[in-house]
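Heads up, the thing below is written out as structure tokens.
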Amino acid sequence: MSKLHIKKGDTVYVNAGEDKGKTGRVLKVLVDKNRAIIEGINMVSKSTKPNAKNPQGGIVKQEASIHLSNLNPVDPKTGKATRVGRKVSADGTLVRYSKKTGEEIK
């Protein structure tokens, strides 16, 4: 299995779909399905039964997952979408970097 170009906590740009052009923070990565949940992106309405958290029940808006191929990390230097490369740093750890500017992605 190959490594993914997106991690939890990354700021990503949406390339395709209803929310094309928006950016958001990754809340969760579903590795087995190659999907991610992004804060404020791909919002869906879901019916819920009454429970302790929501005693009234009704319709709740929440984020749905989006496929990783539709996401690109945002370059920390320019704030635009970029591709990701991997290289070994001086201390021997593998780090991700922006292909456009060479800036390290945290």
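Residue names in the structure tokens use chain letters A, B, ... in the order shown, residue numbers from 1 in each chain, and ligand numbers from 1 in the order shown.
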
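When the distance limit is 8 Å and only C-alpha atoms are what count, the residues near stretch 42-49 of chain A, minus those fewer than 5 positions from it on the same chain, are Glu18, Asp19, Gln56, Gly57, Gly58, Ile59, Val60, Lys61, Gln62, Glu63, Ala64, Ser65 and Ile66 of chain A.
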
Extract the full set of strand (DSSP E or B) residues from stretch 9-99 of chain A according to DSSP on the backbone, and format it as a PyMOL selection string. chain A and resi 11-14+23-30+35-38+43-48+58-63+65-67+71-74+81+84-88+94-98

Take the residues from that selection and put them in a file with N, CA and C atoms, as a CSV table (one decimal), in the first residue's frame.
```csv
chain,number,residue,atom,x,y,z
A,11,THR,N,-4.3,21.6,5.5
A,11,THR,CA,-5.2,22.4,4.8
A,11,THR,C,-5.2,22.0,3.4
A,12,VAL,N,-6.3,21.7,2.8
A,12,VAL,CA,-6.4,21.2,1.5
A,12,VAL,C,-7.3,22.1,0.6
A,13,TYR,N,-7.1,22.0,-0.7
A,13,TYR,CA,-7.8,22.7,-1.8
A,13,TYR,C,-8.7,21.6,-2.5
A,14,VAL,N,-9.9,21.9,-2.8
A,14,VAL,CA,-10.8,21.0,-3.5
A,14,VAL,C,-10.7,21.2,-5.0
A,23,THR,N,-11.3,25.7,0.3
A,23,THR,CA,-10.2,25.1,1.1
A,23,THR,C,-10.8,24.8,2.5
A,24,GLY,N,-10.2,23.8,3.1
A,24,GLY,CA,-10.6,23.4,4.5
A,24,GLY,C,-9.5,22.6,5.1
A,25,ARG,N,-9.8,22.3,6.4
A,25,ARG,CA,-8.8,21.5,7.2
A,25,ARG,C,-9.3,20.1,7.3
A,26,VAL,N,-8.4,19.1,7.1
A,26,VAL,CA,-8.7,17.7,7.2
A,26,VAL,C,-9.0,17.3,8.6
A,27,LEU,N,-10.2,16.8,8.8
A,27,LEU,CA,-10.6,16.3,10.2
A,27,LEU,C,-10.3,14.8,10.4
A,28,LYS,N,-10.4,14.0,9.3
A,28,LYS,CA,-10.2,12.6,9.4
A,28,LYS,C,-9.9,12.0,8.0
A,29,VAL,N,-9.0,11.1,8.0
A,29,VAL,CA,-8.7,10.4,6.7
A,29,VAL,C,-9.1,8.9,6.8
A,30,LEU,N,-9.9,8.5,5.9
A,30,LEU,CA,-10.4,7.1,5.8
A,30,LEU,C,-9.5,6.4,4.9
A,35,ARG,N,-10.6,8.2,1.2
A,35,ARG,CA,-11.4,9.4,1.3
A,35,ARG,C,-11.0,10.2,2.6
A,36,ALA,N,-11.5,11.4,2.6
A,36,ALA,CA,-11.2,12.3,3.8
A,36,ALA,C,-12.4,13.1,4.1
A,37,ILE,N,-12.5,13.5,5.4
A,37,ILE,CA,-13.6,14.4,5.8
A,37,ILE,C,-12.9,15.8,6.0
A,38,ILE,N,-13.5,16.8,5.3
A,38,ILE,CA,-12.9,18.1,5.4
A,38,ILE,C,-13.9,19.1,6.1
A,43,MET,N,-21.1,19.3,2.7
A,43,MET,CA,-22.1,19.2,3.7
A,43,MET,C,-23.4,18.5,3.2
A,44,VAL,N,-23.9,17.5,4.0
A,44,VAL,CA,-25.1,16.8,3.7
A,44,VAL,C,-26.1,16.9,4.9
A,45,SER,N,-27.4,16.8,4.6
A,45,SER,CA,-28.4,16.8,5.6
A,45,SER,C,-28.7,15.4,6.0
A,46,LYS,N,-28.8,15.1,7.3
A,46,LYS,CA,-29.0,13.8,7.8
A,46,LYS,C,-30.1,13.8,8.8
A,47,SER,N,-31.1,12.9,8.8
A,47,SER,CA,-32.1,12.9,9.7
A,47,SER,C,-31.6,12.1,11.0
A,48,THR,N,-31.9,12.6,12.1
A,48,THR,CA,-31.5,12.0,13.4
A,48,THR,C,-32.7,11.8,14.3
A,58,GLY,N,-34.5,15.5,14.4
A,58,GLY,CA,-34.7,16.3,13.2
A,58,GLY,C,-33.5,16.2,12.2
A,59,ILE,N,-33.4,17.3,11.4
A,59,ILE,CA,-32.4,17.3,10.3
A,59,ILE,C,-31.1,18.0,10.8
A,60,VAL,N,-30.0,17.3,10.6
A,60,VAL,CA,-28.7,17.8,11.1
A,60,VAL,C,-27.7,17.9,9.9
A,61,LYS,N,-27.0,19.0,9.7
A,61,LYS,CA,-26.0,19.1,8.7
A,61,LYS,C,-24.7,18.6,9.2
A,62,GLN,N,-24.0,17.8,8.3
A,62,GLN,CA,-22.7,17.3,8.7
A,62,GLN,C,-21.8,17.1,7.4
A,63,GLU,N,-20.5,17.0,7.7
A,63,GLU,CA,-19.6,16.8,6.5
A,63,GLU,C,-19.6,15.3,6.1
A,65,SER,N,-17.6,12.4,3.4
A,65,SER,CA,-16.3,12.3,2.9
A,65,SER,C,-16.1,12.6,1.4
A,66,ILE,N,-14.9,13.0,1.0
A,66,ILE,CA,-14.6,13.3,-0.4
A,66,ILE,C,-13.4,12.5,-0.8
A,67,HIS,N,-13.3,12.1,-2.0
A,67,HIS,CA,-12.2,11.2,-2.5
A,67,HIS,C,-10.9,12.0,-2.5
A,71,LEU,N,-8.5,16.2,-3.9
A,71,LEU,CA,-7.9,17.1,-2.9
A,71,LEU,C,-6.4,17.4,-3.2
A,72,ASN,N,-5.9,18.6,-3.0
A,72,ASN,CA,-4.5,18.9,-3.0
A,72,ASN,C,-4.1,19.7,-1.8
A,73,PRO,N,-3.0,19.4,-1.2
A,73,PRO,CA,-2.5,20.2,-0.1
A,73,PRO,C,-2.3,21.6,-0.5
A,74,VAL,N,-2.4,22.6,0.4
A,74,VAL,CA,-2.1,24.0,0.1
A,74,VAL,C,-0.7,24.3,0.5
A,81,ALA,N,-2.8,25.5,-4.2
A,81,ALA,CA,-2.7,24.1,-4.3
A,81,ALA,C,-1.4,23.7,-4.9
A,84,VAL,N,2.7,17.0,-3.9
A,84,VAL,CA,3.6,16.7,-2.8
A,84,VAL,C,4.7,15.8,-3.2
A,85,GLY,N,5.9,16.0,-2.7
A,85,GLY,CA,7.0,15.1,-2.9
A,85,GLY,C,7.5,14.7,-1.5
A,86,ARG,N,8.3,13.6,-1.5
A,86,ARG,CA,8.8,13.2,-0.2
A,86,ARG,C,10.3,13.1,-0.3
A,87,LYS,N,11.1,13.6,0.7
A,87,LYS,CA,12.5,13.5,0.7
A,87,LYS,C,13.0,13.2,2.1
A,88,VAL,N,14.2,12.7,2.2
A,88,VAL,CA,14.8,12.4,3.6
A,88,VAL,C,15.5,13.6,4.0
A,94,LEU,N,11.5,11.2,7.0
A,94,LEU,CA,10.9,11.4,5.7
A,94,LEU,C,10.0,12.6,5.9
A,95,VAL,N,10.1,13.6,5.0
A,95,VAL,CA,9.3,14.8,5.1
A,95,VAL,C,8.6,15.1,3.8
A,96,ARG,N,7.4,15.7,3.8
A,96,ARG,CA,6.7,16.0,2.6
A,96,ARG,C,7.0,17.5,2.3
A,97,TYR,N,7.2,17.8,1.0
A,97,TYR,CA,7.5,19.1,0.5
A,97,TYR,C,6.6,19.5,-0.7
A,98,SER,N,6.5,20.8,-0.9
A,98,SER,CA,5.7,21.3,-2.0
A,98,SER,C,6.5,21.2,-3.3
```

Atom-to-atom span, atom CA of A:Asn70 and atom CA of A:Asn15, Å: 5.0 Å

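Proximity to A:Gly17 was assessed for A:Ile41, A:Asn34, A:Lys106, A:Asn51 counting only C-alpha atoms; the smallest distance is recorded for A:Ile41.
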
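Counting from atom CA of A:Thr101, the distance to atom CA of A:Lys7 is 19.5 Å.
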
Which distance in Å separates atom CA of A:Ile6 and atom CA of A:Lys80, to one decimal? 15.1 Å

Taking only C-alpha atoms into account, name the residue in A:Asn54, A:Ser89, A:Ser69, A:Ser2 that is nearest to A:Ala16. A:Ser69
